[in-house]
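See below for the structure under consideration.
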There are 2 protein chains.
Amino acid sequence: MTCSRRTFLGVLGGVTAGGALAVATGRSLAAPGAAPAPQGKRFAQVNGEFGWQPHALDPKVCVPVAYEGYWYKGYACGYGAFYGIVGMLGEQYGAPYNQFPFTMLEANKGGISDWGTICGALYGAAAAFALFWPRKERNAMVNELFRWYETTALPIYNPGEAAKGVKGDIPTSVSNSVLCHVSVSKWSYDNHLAANSKERSERCGRITADVTAKAIEIFNAKIAAGAAYKGALSKQKSVAYCTDCHAKGKDADILKGNMDCTPCHSGSEHTMNKFKDHP
Amino acid sequence: MTCSRRTFLGVLGGVTAGGALAVATGRSLAAPGAAPAPQGKRFAQVNGEFGWQPHALDPKVCVPVAYEGYWYKGYACGYGAFYGIVGMLGEQYGAPYNQFPFTMLEANKGGISDWGTICGALYGAAAAFALFWPRKERNAMVNELFRWYETTALPIYNPGEAAKGVKGDIPTSVSNSVLCHVSVSKWSYDNHLAANSKERSERCGRITADVTAKAIEIFNAKIAAGAAYKGALSKQKSVAYCTDCHAKGKDADILKGNMDCTPCHSGSEHTMNKFKDHP
């Protein structure tokens, strides 16, 4: 333990009382099966859980920084979107926002180490929301952002002369999916542009800006509306249709997820057998 | 701006020099298109980029805490796995590890707000890796963890009497996918257990423990091997087959991703048209 008790008390701030009691009395607050936490109450958190205070952000200021963050040392989409929100709070308000280890979000590059799972820009925004609001308040924000992404022709943002990859217009596509693999591959297929091209990198940089703009719109609306916040977009038709049977208490409760079902469950040519008679 | 220049200088630590110069001279270090960073060099980071120091962890101590974290206030898989690594470093070594706003990882519950994208436990581990190593060093760690997850019958962990959901054995399945939607739905379908059942919650709690155990094995191996670290698992057969043509410089560069291709591209009954003649 490199932390003195004094440091520890300072560090835990608002949740000190219980932790200090545990340290003073030696009473274990840990769960059965797990060893006690040596520095006090397990899961205690600096500033409390979801304890950061949100401040409205100006998309005109933040969105170009998200785009810039995408290109900064190739840290990419998750880093750009997250810095465009949390980093910009740090630039304006200091701690705790500027204490965050921002490069952690590089994890999301290429849908997490190029695996093509969640679009990194979407994760960066969802994680930023989660610094301020717990799931019961946050899920409506994430739903709004993800549904918008699934149904909007992207990219929209054009950095003009500040473009880092390719200047001018970039072809768009509607992804129907929040997954990097589907989003990138569909854009690439629809527009006859290589998935590993400079145009595709530029496309993802601009989408990082677009997602940050939409996320800030939602972030500001949430601050204004509080617990009453509701998104504008309804559940996707396919999800509503499928969860008629595939949901809790229904005929076939075997489904987890809220992604649009159509890209993988409508028998499209893309999901046919590619391991047999495929050119 | 709530931070004084003195605070700012202290906060940025190792990267202070450039920032202080920018503050002192008023020289903008921001990119074209973005306003200058008011507190100095944009993207500067406390402790430097990927600046945290790793310490070997004891899975016997950490894995039960990851399981416990899964259940703690329902913060779930991402929180549990991340706390089982980074939180446990915080309990043993104090700052910077214990300064992290851990509940941010609740974002990953149910594959991000129940959307069923990346398995939250996998993200928690990948994000933990990214606090210490940049992508060129980290991608091999993520590949090893994700390939192991795709091909292993899970869950393995059994908390015994400390079980929080269901005690005793839990049926297993091999997911073939790092996506929560596929992983949960396949387990549910294969084992005739509801996706919204207590058994499924228990299954995901145990998988949080399993992923943390594997992640710590990789984490410790990386510390020991340094830049020479290599995983044991090869690229999946399907990915090797498909990227023969669908890769940079090849015939059809339209693919982004390293997920096993078979769940969605082998023409299985699950990807047939569910919107027509489906019971």
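Labels for the structure tokens follow display order: chains A, B, ..., residues from 1 in each chain, ligands from 1.
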Determine, using only C-alpha atoms, which residues of chain A have any atom at most 6 Å from an atom of chain B, and tabulate each with its shortest atom pair and distance in Å to one decimal place, rows ordered by chain and then rising number, as a tab-separated table.
residue	atom	partner	partner_atom	distance
A:Met1	CA	B:Tyr93	CA	5.0
A:Thr2	CA	B:Tyr93	CA	5.2
A:Cys3	CA	B:Gly94	CA	5.4
A:Pro32	CA	B:Ala162	CA	5.5
A:Gly33	CA	B:Ala162	CA	5.5
A:Ala34	CA	B:Pro64	CA	5.1
A:Gln39	CA	B:Glu91	CA	5.7
A:Val46	CA	B:Gln99	CA	6.0
A:Glu49	CA	B:Thr103	CA	5.9
A:Pro64	CA	B:Ala34	CA	5.1
A:Val65	CA	B:Ala34	CA	5.6
A:Glu91	CA	B:Gln39	CA	5.8
A:Gln92	CA	B:Met1	CA	5.1
A:Tyr93	CA	B:Met1	CA	4.6
A:Gly94	CA	B:Cys3	CA	5.3
A:Gln99	CA	B:Val46	CA	5.9
A:Thr103	CA	B:Glu49	CA	5.9
A:Met104	CA	B:Ala130	CA	4.8
A:Ala107	CA	B:Ala130	CA	5.7
A:Ser113	CA	B:Asn139	CA	5.5
A:Asp114	CA	B:Gly257	CA	5.5
A:Trp115	CA	B:Asn258	CA	4.2
A:Gly116	CA	B:Gly257	CA	4.0
A:Thr117	CA	B:Ile118	CA	5.9
A:Ile118	CA	B:Thr117	CA	5.9
A:Ala127	CA	B:Ala107	CA	5.8
A:Ala130	CA	B:Met104	CA	4.8
A:Leu131	CA	B:Met104	CA	5.1
A:Asn139	CA	B:Ser113	CA	5.5
A:Ala162	CA	B:Pro32	CA	5.5
A:His181	CA	B:Lys256	CA	5.0
A:Ser185	CA	B:Leu255	CA	5.1
A:Ser188	CA	B:Ile254	CA	5.4
A:Tyr189	CA	B:Ile254	CA	5.9
A:Ala194	CA	B:Asp253	CA	5.0
A:Ala195	CA	B:Ile254	CA	4.8
A:Asn196	CA	B:Lys248	CA	5.7
A:Lys248	CA	B:Asn196	CA	5.8
A:Asp253	CA	B:Ala194	CA	5.0
A:Ile254	CA	B:Ala195	CA	4.8
A:Leu255	CA	B:Ser185	CA	5.1
A:Lys256	CA	B:His181	CA	5.0
A:Gly257	CA	B:Gly116	CA	4.0
A:Asn258	CA	B:Trp115	CA	4.3
A:Met259	CA	B:Trp115	CA	5.6
A:Cys264	CA	B:Thr271	CA	5.6
A:His265	CA	B:Thr271	CA	4.5
A:Ser266	CA	B:Asn273	CA	3.9
A:Gly267	CA	B:Asn273	CA	4.1
A:Thr271	CA	B:His265	CA	4.5
A:Met272	CA	B:Gly267	CA	4.1
A:Asn273	CA	B:Ser266	CA	3.9
A:Lys274	CA	B:Ser266	CA	5.7
Include C-alpha atoms and write out the residues we just selected as a short mmCIF file (atom, residue, chain, number, x, y, z; two decimals), in the first residue's frame.
data_model
loop_
_atom_site.label_atom_id
_atom_site.label_comp_id
_atom_site.auth_asym_id
_atom_site.auth_seq_id
_atom_site.Cartn_x
_atom_site.Cartn_y
_atom_site.Cartn_z
CA MET A 1 0.00 0.00 0.00
CA THR A 2 1.72 3.18 -1.19
CA CYS A 3 -1.00 5.49 0.14
CA PRO A 32 -18.19 -13.45 0.84
CA GLY A 33 -15.68 -15.05 -1.50
CA ALA A 34 -13.57 -11.92 -1.90
CA GLN A 39 -7.89 0.68 1.83
CA VAL A 46 -13.48 9.46 -5.74
CA GLU A 49 -20.60 7.20 -8.18
CA PRO A 64 -13.69 20.39 -34.56
CA VAL A 65 -11.65 19.17 -31.57
CA GLU A 91 -10.13 22.57 -20.89
CA GLN A 92 -12.91 24.80 -19.59
CA TYR A 93 -13.41 23.61 -16.00
CA GLY A 94 -10.21 21.78 -14.97
CA GLN A 99 -7.64 14.20 -14.68
CA THR A 103 -5.66 7.60 -24.15
CA MET A 104 -7.56 4.71 -22.54
CA ALA A 107 -8.90 0.92 -27.00
CA SER A 113 -8.27 -3.19 -31.61
CA ASP A 114 -9.65 -3.51 -35.16
CA TRP A 115 -12.19 -6.18 -34.20
CA GLY A 116 -15.05 -4.17 -35.74
CA THR A 117 -17.40 -4.28 -32.74
CA ILE A 118 -19.06 -1.08 -31.44
CA ALA A 127 -18.86 6.47 -21.80
CA ALA A 130 -21.83 7.48 -17.96
CA LEU A 131 -19.57 9.83 -16.02
CA ASN A 139 -30.21 4.62 -21.42
CA ALA A 162 -8.69 21.70 -41.99
CA HIS A 181 -17.72 -3.87 -39.06
CA SER A 185 -18.02 -2.51 -44.70
CA SER A 188 -17.09 0.63 -48.48
CA TYR A 189 -19.29 -1.77 -50.49
CA ALA A 194 -11.51 0.51 -49.99
CA ALA A 195 -12.02 -0.16 -46.29
CA ASN A 196 -8.33 0.61 -45.81
CA LYS A 248 -39.06 -11.24 -21.07
CA ASP A 253 -37.13 -15.11 -24.42
CA ILE A 254 -33.80 -15.79 -26.17
CA LEU A 255 -32.77 -12.33 -27.29
CA LYS A 256 -30.39 -9.76 -25.83
CA GLY A 257 -29.93 -6.52 -27.69
CA ASN A 258 -31.47 -3.42 -29.21
CA MET A 259 -29.56 -3.27 -32.48
CA CYS A 264 -28.20 -10.00 -39.86
CA HIS A 265 -31.70 -11.53 -39.76
CA SER A 266 -33.38 -10.67 -43.04
CA GLY A 267 -31.66 -13.29 -45.19
CA THR A 271 -25.39 -13.30 -44.71
CA MET A 272 -25.57 -16.12 -47.23
CA ASN A 273 -22.93 -18.89 -47.05
CA LYS A 274 -19.61 -17.32 -48.04
#
Problem set entry | Polymer residues at most 6 Å from stretch 208-213 of chain B, only C-alpha atoms, same-chain spacing of 2 or more positions, as a list in words | Pro59, Val63, Ala66, Tyr67, Cys77, Ala81, Ala121, Tyr157, Gly205, Arg206, Ala215 and Ile216 of chain B
For this session: For atom CA of A:Phe219 and atom CA of A:Val174, determine how far apart the two atoms are, in Å to one decimal place.
Result: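 Separating atom CA of A:Phe219 from atom CA of A:Val174 is a distance of 23.4 Å.
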For this session: Step one, run DSSP on the backbone; step two, keep only residues of stretch 69-273 of chain B assigned to alpha helix (DSSP H); then write them as a VMD selection string.
Result: chain B and resid 69 to 71 76 to 82 88 to 93 120 to 129 135 to 151 180 to 191 198 to 225 237 to 242 262 to 265
Export C-alpha atoms of the chosen residues as an mmCIF file, in the first residue's frame?
data_model
loop_
_atom_site.group_PDB
_atom_site.id
_atom_site.type_symbol
_atom_site.label_atom_id
_atom_site.label_comp_id
_atom_site.auth_asym_id
_atom_site.auth_seq_id
_atom_site.Cartn_x
_atom_site.Cartn_y
_atom_site.Cartn_z
ATOM 1 C CA GLY B 69 -18.399 -6.095 -8.905
ATOM 2 C CA TYR B 70 -20.755 -7.522 -11.530
ATOM 3 C CA TRP B 71 -23.492 -7.718 -8.892
ATOM 4 C CA ALA B 76 -22.544 -5.446 -14.350
ATOM 5 C CA CYS B 77 -19.889 -6.942 -16.600
ATOM 6 C CA GLY B 78 -17.796 -3.980 -17.753
ATOM 7 C CA TYR B 79 -17.618 -2.545 -14.263
ATOM 8 C CA GLY B 80 -16.801 -5.903 -12.674
ATOM 9 C CA ALA B 81 -13.968 -6.821 -15.036
ATOM 10 C CA PHE B 82 -12.472 -3.326 -14.981
ATOM 11 C CA MET B 88 -7.593 -3.958 -7.405
ATOM 12 C CA LEU B 89 -4.464 -2.048 -8.395
ATOM 13 C CA GLY B 90 -6.047 0.917 -6.614
ATOM 14 C CA GLU B 91 -6.683 -1.118 -3.483
ATOM 15 C CA GLN B 92 -3.042 -2.222 -3.432
ATOM 16 C CA TYR B 93 -1.180 0.782 -4.825
ATOM 17 C CA GLY B 120 -18.890 -5.669 -21.399
ATOM 18 C CA ALA B 121 -16.415 -7.888 -19.577
ATOM 19 C CA LEU B 122 -14.221 -7.962 -22.681
ATOM 20 C CA TYR B 123 -14.401 -4.185 -22.989
ATOM 21 C CA GLY B 124 -13.549 -3.709 -19.319
ATOM 22 C CA ALA B 125 -10.402 -5.780 -19.791
ATOM 23 C CA ALA B 126 -9.433 -4.129 -23.107
ATOM 24 C CA ALA B 127 -9.852 -0.680 -21.543
ATOM 25 C CA ALA B 128 -7.755 -1.723 -18.548
ATOM 26 C CA PHE B 129 -4.968 -2.844 -20.927
ATOM 27 C CA ARG B 135 -2.129 -0.151 -29.633
ATOM 28 C CA LYS B 136 1.048 -1.595 -31.136
ATOM 29 C CA GLU B 137 1.743 -3.400 -27.873
ATOM 30 C CA ARG B 138 -1.865 -3.909 -26.800
ATOM 31 C CA ASN B 139 -3.488 -5.388 -29.902
ATOM 32 C CA ALA B 140 -1.833 -8.789 -29.373
ATOM 33 C CA MET B 141 -3.240 -8.849 -25.828
ATOM 34 C CA VAL B 142 -6.756 -8.029 -27.029
ATOM 35 C CA ASN B 143 -6.499 -10.587 -29.850
ATOM 36 C CA GLU B 144 -5.540 -13.297 -27.365
ATOM 37 C CA LEU B 145 -8.385 -12.443 -24.980
ATOM 38 C CA PHE B 146 -11.044 -12.097 -27.665
ATOM 39 C CA ARG B 147 -10.019 -15.305 -29.529
ATOM 40 C CA TRP B 148 -10.062 -17.214 -26.247
ATOM 41 C CA TYR B 149 -13.570 -15.891 -25.531
ATOM 42 C CA GLU B 150 -14.874 -16.883 -28.970
ATOM 43 C CA THR B 151 -13.691 -20.482 -28.640
ATOM 44 C CA CYS B 180 -23.150 -9.730 -26.188
ATOM 45 C CA HIS B 181 -26.141 -10.283 -28.482
ATOM 46 C CA VAL B 182 -24.691 -13.416 -30.076
ATOM 47 C CA SER B 183 -23.048 -14.695 -26.898
ATOM 48 C CA VAL B 184 -26.158 -14.398 -24.733
ATOM 49 C CA SER B 185 -28.686 -15.392 -27.388
ATOM 50 C CA LYS B 186 -26.696 -18.498 -28.399
ATOM 51 C CA TRP B 187 -26.292 -19.570 -24.751
ATOM 52 C CA SER B 188 -29.988 -19.012 -24.184
ATOM 53 C CA TYR B 189 -31.016 -20.873 -27.341
ATOM 54 C CA ASP B 190 -28.592 -23.772 -26.823
ATOM 55 C CA ASN B 191 -29.558 -24.303 -23.187
ATOM 56 C CA LYS B 198 -31.670 -15.323 -13.114
ATOM 57 C CA GLU B 199 -29.561 -18.109 -14.609
ATOM 58 C CA ARG B 200 -28.492 -15.835 -17.454
ATOM 59 C CA SER B 201 -27.531 -13.070 -15.007
ATOM 60 C CA GLU B 202 -25.505 -15.588 -13.031
ATOM 61 C CA ARG B 203 -23.904 -16.841 -16.239
ATOM 62 C CA CYS B 204 -22.779 -13.313 -17.136
ATOM 63 C CA GLY B 205 -21.460 -12.711 -13.605
ATOM 64 C CA ARG B 206 -19.355 -15.844 -13.878
ATOM 65 C CA ILE B 207 -18.161 -14.899 -17.362
ATOM 66 C CA THR B 208 -17.082 -11.550 -15.906
ATOM 67 C CA ALA B 209 -14.908 -13.563 -13.513
ATOM 68 C CA ASP B 210 -13.639 -15.812 -16.339
ATOM 69 C CA VAL B 211 -12.714 -12.887 -18.571
ATOM 70 C CA THR B 212 -10.952 -11.168 -15.655
ATOM 71 C CA ALA B 213 -8.964 -14.335 -14.924
ATOM 72 C CA LYS B 214 -7.868 -14.650 -18.556
ATOM 73 C CA ALA B 215 -7.163 -10.909 -18.787
ATOM 74 C CA ILE B 216 -4.953 -11.032 -15.684
ATOM 75 C CA GLU B 217 -3.092 -14.026 -17.109
ATOM 76 C CA ILE B 218 -2.421 -11.952 -20.246
ATOM 77 C CA PHE B 219 -1.643 -8.816 -18.187
ATOM 78 C CA ASN B 220 0.957 -10.652 -16.092
ATOM 79 C CA ALA B 221 2.441 -12.357 -19.160
ATOM 80 C CA LYS B 222 2.760 -8.978 -20.891
ATOM 81 C CA ILE B 223 4.556 -7.486 -17.876
ATOM 82 C CA ALA B 224 6.956 -10.425 -17.908
ATOM 83 C CA ALA B 225 7.565 -10.510 -21.686
ATOM 84 C CA LYS B 237 -9.736 -19.953 -39.705
ATOM 85 C CA SER B 238 -12.678 -17.957 -41.044
ATOM 86 C CA VAL B 239 -10.870 -14.631 -40.685
ATOM 87 C CA ALA B 240 -7.774 -16.036 -42.385
ATOM 88 C CA TYR B 241 -9.969 -17.412 -45.202
ATOM 89 C CA CYS B 242 -11.988 -14.225 -45.756
ATOM 90 C CA THR B 262 -19.048 -17.671 -39.353
ATOM 91 C CA PRO B 263 -21.935 -16.596 -37.083
ATOM 92 C CA CYS B 264 -23.171 -14.052 -39.663
ATOM 93 C CA HIS B 265 -21.700 -15.195 -42.993
#
